[in-house]
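K.L.:
Structure: structure.csv, CSV, C-alpha atoms.
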```csv
chain,number,residue,atom,x,y,z
A,1,MET,CA,50.8,18.4,8.5
A,2,THR,CA,49.5,16.7,5.4
A,3,LEU,CA,46.1,15.6,4.0
A,4,GLN,CA,47.3,12.0,4.4
A,5,GLN,CA,47.9,12.6,8.1
A,6,LEU,CA,44.4,14.1,8.5
A,7,LYS,CA,42.9,11.1,6.7
A,8,TYR,CA,44.7,8.8,9.1
A,9,ILE,CA,43.3,10.5,12.3
A,10,ILE,CA,39.8,10.5,10.7
A,11,ALA,CA,40.1,6.7,10.2
A,12,ILE,CA,41.2,6.2,13.7
A,13,ASP,CA,38.2,8.2,15.0
A,14,ARG,CA,35.8,6.3,12.7
A,15,TYR,CA,36.9,2.8,13.9
A,16,ARG,CA,38.2,3.7,17.4
A,17,ASN,CA,40.6,0.9,16.9
A,18,PHE,CA,44.1,1.0,15.4
A,19,ALA,CA,44.0,-2.4,13.8
A,20,ARG,CA,40.8,-1.8,11.9
A,21,ALA,CA,41.8,1.7,10.9
A,22,ALA,CA,45.2,0.5,9.6
A,23,ALA,CA,43.5,-2.3,7.6
A,24,GLU,CA,41.1,0.3,6.1
A,25,LEU,CA,44.1,2.5,5.2
A,26,GLY,CA,46.2,-0.3,3.8
A,27,ILE,CA,49.1,0.2,6.2
A,28,THR,CA,50.4,-1.7,9.3
A,29,GLN,CA,49.3,-0.9,12.8
A,30,PRO,CA,52.8,0.2,14.0
A,31,THR,CA,53.0,2.5,11.0
A,32,LEU,CA,49.7,4.1,11.9
A,33,SER,CA,50.7,4.5,15.5
A,34,SER,CA,54.0,6.1,14.5
A,35,LEU,CA,52.4,8.5,12.1
A,36,LEU,CA,49.9,9.6,14.8
A,37,GLN,CA,52.7,10.2,17.3
A,38,LYS,CA,54.6,12.3,14.8
A,39,LEU,CA,51.5,14.5,14.2
A,40,GLU,CA,50.8,14.9,17.9
A,41,ALA,CA,54.5,15.9,18.4
A,42,GLU,CA,54.2,18.4,15.6
A,43,LEU,CA,51.1,20.0,17.0
A,44,ASP,CA,52.2,19.5,20.6
A,45,VAL,CA,48.8,18.1,21.7
A,46,ARG,CA,47.4,14.7,22.4
A,47,ILE,CA,44.7,14.0,19.8
A,48,PHE,CA,43.6,10.6,21.2
A,49,ASP,CA,43.5,9.0,24.6
A,50,ARG,CA,44.3,5.4,24.0
A,51,SER,CA,44.8,2.2,25.9
A,52,ASN,CA,44.9,-1.5,25.0
A,53,LYS,CA,41.1,-1.6,24.9
A,54,SER,CA,39.9,1.8,23.7
A,55,VAL,CA,40.7,4.9,21.6
A,56,PHE,CA,38.9,8.2,22.2
A,57,PRO,CA,39.6,11.7,21.0
A,58,THR,CA,40.6,14.3,23.6
A,59,SER,CA,38.6,17.5,23.9
A,60,VAL,CA,41.1,19.3,21.7
A,61,GLY,CA,41.3,16.2,19.5
A,62,GLN,CA,37.5,16.5,18.8
A,63,LYS,CA,38.1,20.0,17.5
A,64,ILE,CA,41.0,18.9,15.4
A,65,LEU,CA,39.0,16.1,13.9
A,66,ARG,CA,36.1,18.3,13.0
A,67,GLN,CA,38.4,20.6,11.2
A,68,ALA,CA,40.2,17.7,9.6
A,69,GLU,CA,37.0,16.3,8.2
A,70,LYS,CA,36.1,19.7,6.6
A,71,THR,CA,39.6,20.1,5.2
A,72,VAL,CA,39.7,16.6,3.6
A,73,ASN,CA,36.1,17.0,2.3
A,74,GLU,CA,36.9,20.3,0.6
A,75,ALA,CA,40.2,19.0,-0.8
A,76,GLU,CA,38.5,16.0,-2.3
A,77,ARG,CA,36.0,18.2,-4.1
A,78,ILE,CA,38.6,20.0,-6.2
A,79,PRO,CA,38.7,17.4,-9.0
A,80,GLU,CA,34.9,17.4,-8.9
A,81,LEU,CA,34.8,21.2,-9.3
A,82,VAL,CA,37.1,20.9,-12.3
A,83,ALA,CA,34.9,18.2,-13.9
A,84,GLU,CA,31.8,20.3,-13.3
A,85,ASP,CA,33.4,23.3,-14.9
A,86,LYS,CA,33.9,21.1,-18.0
A,87,GLY,CA,30.2,20.3,-18.0
A,88,MET,CA,30.4,16.9,-16.3
A,89,VAL,CA,28.4,15.7,-13.4
A,90,THR,CA,30.7,13.3,-11.6
A,91,GLY,CA,32.4,12.6,-8.2
A,92,ASN,CA,31.1,11.8,-4.7
A,93,PHE,CA,27.7,13.2,-3.7
A,94,ASN,CA,26.4,12.8,-0.1
A,95,LEU,CA,22.7,13.3,0.2
A,96,SER,CA,20.3,13.1,3.1
A,97,VAL,CA,16.5,12.8,3.0
A,98,GLY,CA,14.0,13.3,5.8
A,99,PRO,CA,12.3,10.1,7.2
A,100,THR,CA,8.8,11.4,6.4
A,101,ILE,CA,9.8,12.1,2.8
A,102,ALA,CA,12.1,9.2,2.0
A,103,PRO,CA,9.4,6.4,1.5
A,104,TYR,CA,7.9,8.4,-1.3
A,105,ILE,CA,10.8,9.7,-3.3
A,106,LEU,CA,13.8,7.4,-2.6
A,107,PRO,CA,12.8,4.3,-4.5
A,108,MET,CA,12.2,6.2,-7.8
A,109,PHE,CA,14.9,8.7,-7.1
A,110,ILE,CA,17.7,6.1,-6.7
A,111,LYS,CA,16.6,4.3,-9.9
A,112,THR,CA,16.2,7.5,-11.9
A,113,TYR,CA,19.3,9.3,-10.6
A,114,THR,CA,21.7,6.4,-11.1
A,115,GLY,CA,20.4,5.9,-14.6
A,116,MET,CA,20.8,9.6,-15.5
A,117,PHE,CA,24.1,10.2,-13.8
A,118,PRO,CA,26.1,6.9,-13.7
A,119,GLN,CA,29.4,8.7,-13.1
A,120,VAL,CA,28.2,10.1,-9.7
A,121,ARG,CA,29.1,8.0,-6.6
A,122,LEU,CA,25.8,8.6,-4.8
A,123,SER,CA,25.5,8.1,-1.0
A,124,ILE,CA,22.1,8.6,0.7
A,125,VAL,CA,21.1,8.5,4.4
A,126,GLU,CA,17.9,9.3,6.2
A,127,MET,CA,18.3,12.1,8.7
A,128,LYS,CA,16.1,14.3,10.8
A,129,ALA,CA,16.3,18.0,10.2
A,130,GLU,CA,18.6,18.9,13.1
A,131,THR,CA,21.1,16.1,12.3
A,132,MET,CA,21.0,17.1,8.7
A,133,LEU,CA,21.8,20.7,9.5
A,134,GLU,CA,24.8,19.7,11.7
A,135,ALA,CA,26.1,17.4,8.9
A,136,LEU,CA,25.8,20.2,6.4
A,137,ARG,CA,27.6,22.6,8.8
A,138,THR,CA,30.5,20.2,9.3
A,139,GLY,CA,30.8,19.4,5.6
A,140,THR,CA,30.1,15.7,5.9
A,141,LEU,CA,26.9,16.1,3.9
A,142,ASP,CA,26.6,17.9,0.5
A,143,THR,CA,22.8,18.4,0.4
A,144,GLY,CA,19.7,17.6,2.4
A,145,ILE,CA,16.1,17.2,1.4
A,146,ALA,CA,13.6,17.9,4.1
A,147,ILE,CA,10.4,19.8,5.0
A,148,SER,CA,10.7,23.5,4.4
A,149,GLY,CA,11.3,26.0,7.2
A,150,HIS,CA,14.7,24.8,8.6
A,151,ALA,CA,17.0,27.5,7.1
A,152,ARG,CA,19.7,28.7,9.5
A,153,ASP,CA,22.7,31.1,9.4
A,154,GLY,CA,25.1,29.6,6.9
A,155,ILE,CA,22.5,27.2,5.4
A,156,LEU,CA,20.5,28.0,2.3
A,157,GLU,CA,17.0,26.6,1.6
A,158,ILE,CA,15.9,26.0,-2.0
A,159,PRO,CA,12.1,25.1,-2.5
A,160,LEU,CA,11.7,21.9,-4.5
A,161,TYR,CA,8.0,20.9,-4.5
A,162,THR,CA,4.7,21.4,-2.6
A,163,GLU,CA,2.7,18.3,-1.8
A,164,PRO,CA,-1.0,18.4,-1.1
A,165,PHE,CA,-2.6,16.4,1.8
A,166,TRP,CA,-5.7,14.3,1.3
A,167,VAL,CA,-8.2,13.0,3.8
A,168,TYR,CA,-8.5,9.3,4.3
A,169,ILE,CA,-11.9,8.4,5.9
A,170,ALA,CA,-13.1,5.1,7.2
A,171,GLU,CA,-15.6,3.3,4.9
A,172,LYS,CA,-18.5,3.7,7.4
A,173,CYS,CA,-17.9,7.5,7.7
A,174,TRP,CA,-19.1,10.1,5.3
A,175,ARG,CA,-19.4,7.7,2.4
A,176,LYS,CA,-21.7,10.0,0.5
A,177,LEU,CA,-19.6,13.2,0.7
A,178,PRO,CA,-17.6,13.9,-2.5
A,179,VAL,CA,-15.3,16.3,-0.7
A,180,PHE,CA,-14.1,16.7,2.9
A,181,LYS,CA,-15.3,19.7,5.0
A,182,PRO,CA,-13.4,20.2,8.3
A,183,GLU,CA,-16.4,21.7,10.0
A,184,ASN,CA,-17.9,18.2,9.9
A,185,LEU,CA,-15.3,16.9,12.4
A,186,GLU,CA,-16.8,17.6,15.8
A,187,HIS,CA,-18.0,14.1,16.4
A,188,GLU,CA,-15.3,12.2,14.5
A,189,GLN,CA,-12.0,10.7,15.5
A,190,MET,CA,-9.0,12.4,14.1
A,191,TRP,CA,-5.8,10.3,13.9
A,192,ILE,CA,-2.6,12.1,13.2
A,193,MET,CA,1.1,11.3,12.8
A,194,LYS,CA,3.5,12.7,15.3
A,195,GLU,CA,6.0,15.3,14.1
A,196,SER,CA,5.1,15.0,10.4
A,197,GLN,CA,1.6,16.3,9.7
A,198,CYS,CA,1.4,19.1,12.2
A,199,LEU,CA,4.6,20.8,10.9
A,200,ARG,CA,4.7,24.5,10.2
A,201,ASP,CA,3.1,25.4,6.8
A,202,SER,CA,2.2,21.7,6.4
A,203,ALA,CA,-1.2,20.7,7.7
A,204,PHE,CA,-4.7,21.7,8.7
A,205,SER,CA,-5.2,24.6,11.1
A,206,PHE,CA,-7.4,22.2,13.2
A,207,CYS,CA,-4.4,19.8,13.5
A,208,LYS,CA,-3.0,22.1,16.2
A,209,ALA,CA,-6.4,22.3,18.0
A,210,ARG,CA,-6.1,19.0,19.8
A,211,HIS,CA,-9.5,19.3,21.5
A,212,ILE,CA,-11.2,18.6,18.3
A,213,GLY,CA,-12.4,15.0,17.8
A,214,LYS,CA,-13.0,12.3,20.4
A,215,ARG,CA,-9.4,11.5,20.7
A,216,ILE,CA,-6.1,11.9,18.9
A,217,TYR,CA,-3.6,9.1,18.6
A,218,GLU,CA,0.0,10.0,17.6
A,219,ALA,CA,1.2,7.2,15.4
A,220,GLY,CA,4.7,6.7,13.9
A,221,SER,CA,3.8,5.9,10.3
A,222,ILE,CA,1.1,6.7,7.8
A,223,GLU,CA,0.6,3.0,7.1
A,224,THR,CA,-0.3,2.6,10.8
A,225,LEU,CA,-2.7,5.5,10.7
A,226,ILE,CA,-4.5,4.0,7.7
A,227,ARG,CA,-4.9,0.6,9.4
A,228,ILE,CA,-6.2,2.4,12.6
A,229,VAL,CA,-8.8,4.2,10.5
A,230,ASP,CA,-9.8,1.0,8.7
A,231,GLU,CA,-10.4,-0.8,12.0
A,232,ASN,CA,-11.6,2.1,14.3
A,233,GLY,CA,-13.3,4.6,12.1
A,234,GLY,CA,-12.6,8.3,11.9
A,235,PHE,CA,-10.1,9.8,9.5
A,236,THR,CA,-6.5,10.9,9.0
A,237,ILE,CA,-4.6,13.0,6.5
A,238,ILE,CA,-2.0,11.6,4.1
A,239,PRO,CA,0.4,13.1,1.5
A,240,GLU,CA,-0.6,12.8,-2.1
A,241,MET,CA,2.5,10.6,-2.9
A,242,HIS,CA,1.0,8.0,-0.6
A,243,LEU,CA,-2.1,7.6,-2.8
A,244,PRO,CA,-0.5,5.1,-5.3
A,245,LEU,CA,0.3,2.8,-2.3
A,246,LEU,CA,-3.3,2.4,-1.3
A,247,THR,CA,-5.3,-0.7,-2.4
A,248,PRO,CA,-8.1,-0.2,-4.9
A,249,ARG,CA,-10.6,-0.5,-2.0
A,250,GLN,CA,-8.8,2.1,0.1
A,251,ARG,CA,-8.7,4.6,-2.7
A,252,GLY,CA,-12.4,4.8,-2.4
A,253,ASN,CA,-11.9,6.3,1.0
A,254,ILE,CA,-9.8,9.4,0.0
A,255,ARG,CA,-11.3,12.8,-0.2
A,256,ARG,CA,-10.1,16.2,-1.4
A,257,ILE,CA,-10.2,19.1,1.1
A,258,GLU,CA,-12.6,21.9,0.7
A,259,GLY,CA,-12.4,25.3,2.4
A,260,ASP,CA,-9.7,27.8,3.4
A,261,TYR,CA,-7.5,25.3,5.3
A,262,LEU,CA,-3.8,24.9,4.7
A,263,SER,CA,-3.4,21.3,3.6
A,264,GLN,CA,0.0,20.9,2.1
A,265,ARG,CA,3.7,20.5,2.9
A,266,ARG,CA,6.6,22.1,1.2
A,267,VAL,CA,9.8,20.2,0.6
A,268,SER,CA,13.1,22.0,0.1
A,269,MET,CA,16.8,21.3,-0.6
A,270,TYR,CA,19.3,22.5,1.9
A,271,ILE,CA,23.0,23.4,1.3
A,272,ARG,CA,25.7,25.3,2.9
A,273,GLU,CA,25.9,28.9,1.7
A,274,ASP,CA,29.4,28.3,0.3
A,275,PHE,CA,28.3,25.3,-1.7
A,276,ILE,CA,29.3,25.8,-5.4
A,277,ARG,CA,28.6,22.6,-7.3
A,278,GLU,CA,25.6,24.0,-9.2
A,279,ARG,CA,25.4,21.2,-11.8
A,280,MET,CA,25.2,18.6,-9.0
A,281,LEU,CA,22.2,20.4,-7.4
A,282,ASN,CA,20.5,20.6,-10.8
A,283,SER,CA,21.0,16.9,-11.3
A,284,VAL,CA,18.8,16.3,-8.2
A,285,VAL,CA,16.1,18.6,-9.6
A,286,GLN,CA,16.3,16.8,-13.0
A,287,ALA,CA,15.9,13.4,-11.4
A,288,LEU,CA,13.0,14.5,-9.2
A,289,ALA,CA,11.2,16.1,-12.2
A,290,VAL,CA,11.0,12.7,-13.9
A,291,PHE,CA,8.6,11.2,-11.4
A,292,VAL,CA,7.3,14.1,-9.2
A,293,SER,CA,4.1,15.6,-10.5
A,294,LYS,CA,4.7,18.7,-12.5
A,295,SER,CA,1.9,20.5,-10.7
A,296,MET,CA,3.9,19.9,-7.4
A,297,MET,CA,7.3,20.9,-8.6
A,298,GLU,CA,8.5,24.5,-8.0
A,299,GLU,CA,7.9,26.1,-11.4
A,300,ARG,CA,10.9,28.4,-11.3
A,301,ILE,CA,13.3,25.5,-10.5
A,302,VAL,CA,12.0,23.4,-13.3
A,303,ASN,CA,12.1,26.2,-15.9
A,304,TYR,CA,15.4,27.9,-15.0
A,305,GLY,CA,17.2,25.5,-12.7
A,306,ILE,CA,19.3,26.4,-9.6
A,307,ARG,CA,21.7,29.3,-9.9
A,308,LEU,CA,24.3,29.8,-7.2
```
Let me see whether you can do it: turn the structure in this file into structure tokens.

P.N.:
Amino acid sequence: MTLQQLKYIIAIDRYRNFARAAAELGITQPTLSSLLQKLEAELDVRIFDRSNKSVFPTSVGQKILRQAEKTVNEAERIPELVAEDKGMVTGNFNLSVGPTIAPYILPMFIKTYTGMFPQVRLSIVEMKAETMLEALRTGTLDTGIAISGHARDGILEIPLYTEPFWVYIAEKCWRKLPVFKPENLEHEQMWIMKESQCLRDSAFSFCKARHIGKRIYEAGSIETLIRIVDENGGFTIIPEMHLPLLTPRQRGNIRRIEGDYLSQRRVSMYIREDFIRERMLNSVVQALAVFVSKSMMEERIVNYGIRL
């Protein structure tokens, strides 16, 4: 069994079609079919069930493919580890960012990172936490950035920054208040975003008390929430990085939060516990530090970097 054979079966699984897989690999379809048959004979198992119309991995084939992906990924990192040991930041880097974080960091991150580290072949995909953890576990992902609190066995969490929440209030509501007091909410409409602002360690204590307010609408985006508040009154909470996206008129509707209420979300980096590309992780921190407020960044990470 060779790495080349493993790459071949990974390509077959990716395309579920021998012709497309062969074209991707730069070989003929009969050659690919022959090589698969030889590997199956060597292992004495059938990796794929195939017909003229479909190609699907068998149950044991699925296990072989997962191991093949990890093996190929690890082998391809060897030259990158050598380069890192020489003080270079280069090679492939597969990163995921959570969908509630991506709109605020990705535009500047891509621009900053590619400018600072042009030798890195950067690939970014948005993933929810559970999908990210599985991709880290299988080795198809190098690093994930998501809301804190998702550490698992075999997965390390490295805090990156803490982002405050602000209150966005309709123009006709509380215009004279310089700050926002949650005890004033009894007769107001509270609009929240589903699965993003009521996360652990991330939002107001009253966010979990859904009896407060006349009604609560679970929207899918912060832009939607802001438009709802503008048209219907009431208030919502928005992350600090959203403030530059507001119009000048809308900026007059934001308020700081006063009182002993948790009003922030922590953002962390996630890696497998056996990940060893320290310089690559620090390249992410260096790029973030260019545009994320210094008051938000984790001080220890900024001052001393990541040490594995």

K.L.:
Using only C-alpha atoms, can you tell me which of A:Asn17, A:Gln29, A:Ser96, A:Gln67 comes closest to Thr138 in chain A?

P.N.:
A:Gln67

K.L.:
Which residues of range 94-180 of chain A have any atom within 10 Å of an atom in range 234-246 of chain A when counting only C-alpha atoms, and what is the closest pair of atoms for each, with the distance in Å to one decimal? Order the rows by chain and rising number and write it as a Markdown table.

P.N.:
```
| residue | atom | partner | partner_atom | distance |
| --- | --- | --- | --- | --- |
| A:Thr100 | CA | A:Pro239 | CA | 9.9 |
| A:Ile101 | CA | A:Met241 | CA | 9.4 |
| A:Pro103 | CA | A:His242 | CA | 8.8 |
| A:Tyr104 | CA | A:Met241 | CA | 6.0 |
| A:Ile105 | CA | A:Met241 | CA | 8.4 |
| A:Glu163 | CA | A:Glu240 | CA | 6.4 |
| A:Pro164 | CA | A:Glu240 | CA | 5.7 |
| A:Phe165 | CA | A:Pro239 | CA | 4.5 |
| A:Trp166 | CA | A:Ile238 | CA | 5.4 |
| A:Val167 | CA | A:Ile237 | CA | 4.5 |
| A:Tyr168 | CA | A:Thr236 | CA | 5.4 |
| A:Ile169 | CA | A:Phe235 | CA | 4.3 |
| A:Ala170 | CA | A:Gly234 | CA | 5.7 |
| A:Glu171 | CA | A:Gly234 | CA | 9.1 |
| A:Lys172 | CA | A:Gly234 | CA | 8.7 |
| A:Cys173 | CA | A:Gly234 | CA | 6.8 |
| A:Trp174 | CA | A:Gly234 | CA | 9.4 |
```

K.L.:
Calculate how many Å separate CA of Phe275 in chain A from CA of Lys63 in chain A, rounding to one decimal.

P.N.:
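Atom-to-atom, CA of Phe275 in chain A and CA of Lys63 in chain A are spaced 22.2 Å apart.
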
K.L.:
What is the distance, in Å and to one decimal place, between CA of Asp274 in chain A and CA of Met296 in chain A?

P.N.:
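Taking CA of Asp274 in chain A and CA of Met296 in chain A, their separation equals 27.9 Å.
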
K.L.:
If we count only C-alpha atoms, what is near range 146-159 of chain A at a cut-off of 9 Å, once residues fewer than 4 positions away on the same chain are taken out, given as a PyMOL selection string?

P.N.:
chain A and resi 96-101+127-130+132-133+136-137+196+199-202+265-274+297-298+301+306

K.L.:
Expressed in Å to a single decimal, how great is the separation between CA of Asn303 in chain A and CA of Phe109 in chain A?

P.N.:
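One can read the CA of Asn303 in chain A to CA of Phe109 in chain A distance as 19.8 Å.
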
K.L.:
Skip range 33-47 of chain A itself and residues of its chain fewer than 5 positions away, then list as an MDAnalysis selection string all residues within 8 Å of it, counting all atoms listed in the file.

P.N.:
chainID A and resid 1 5 8:9 18 57:58 60:62 64
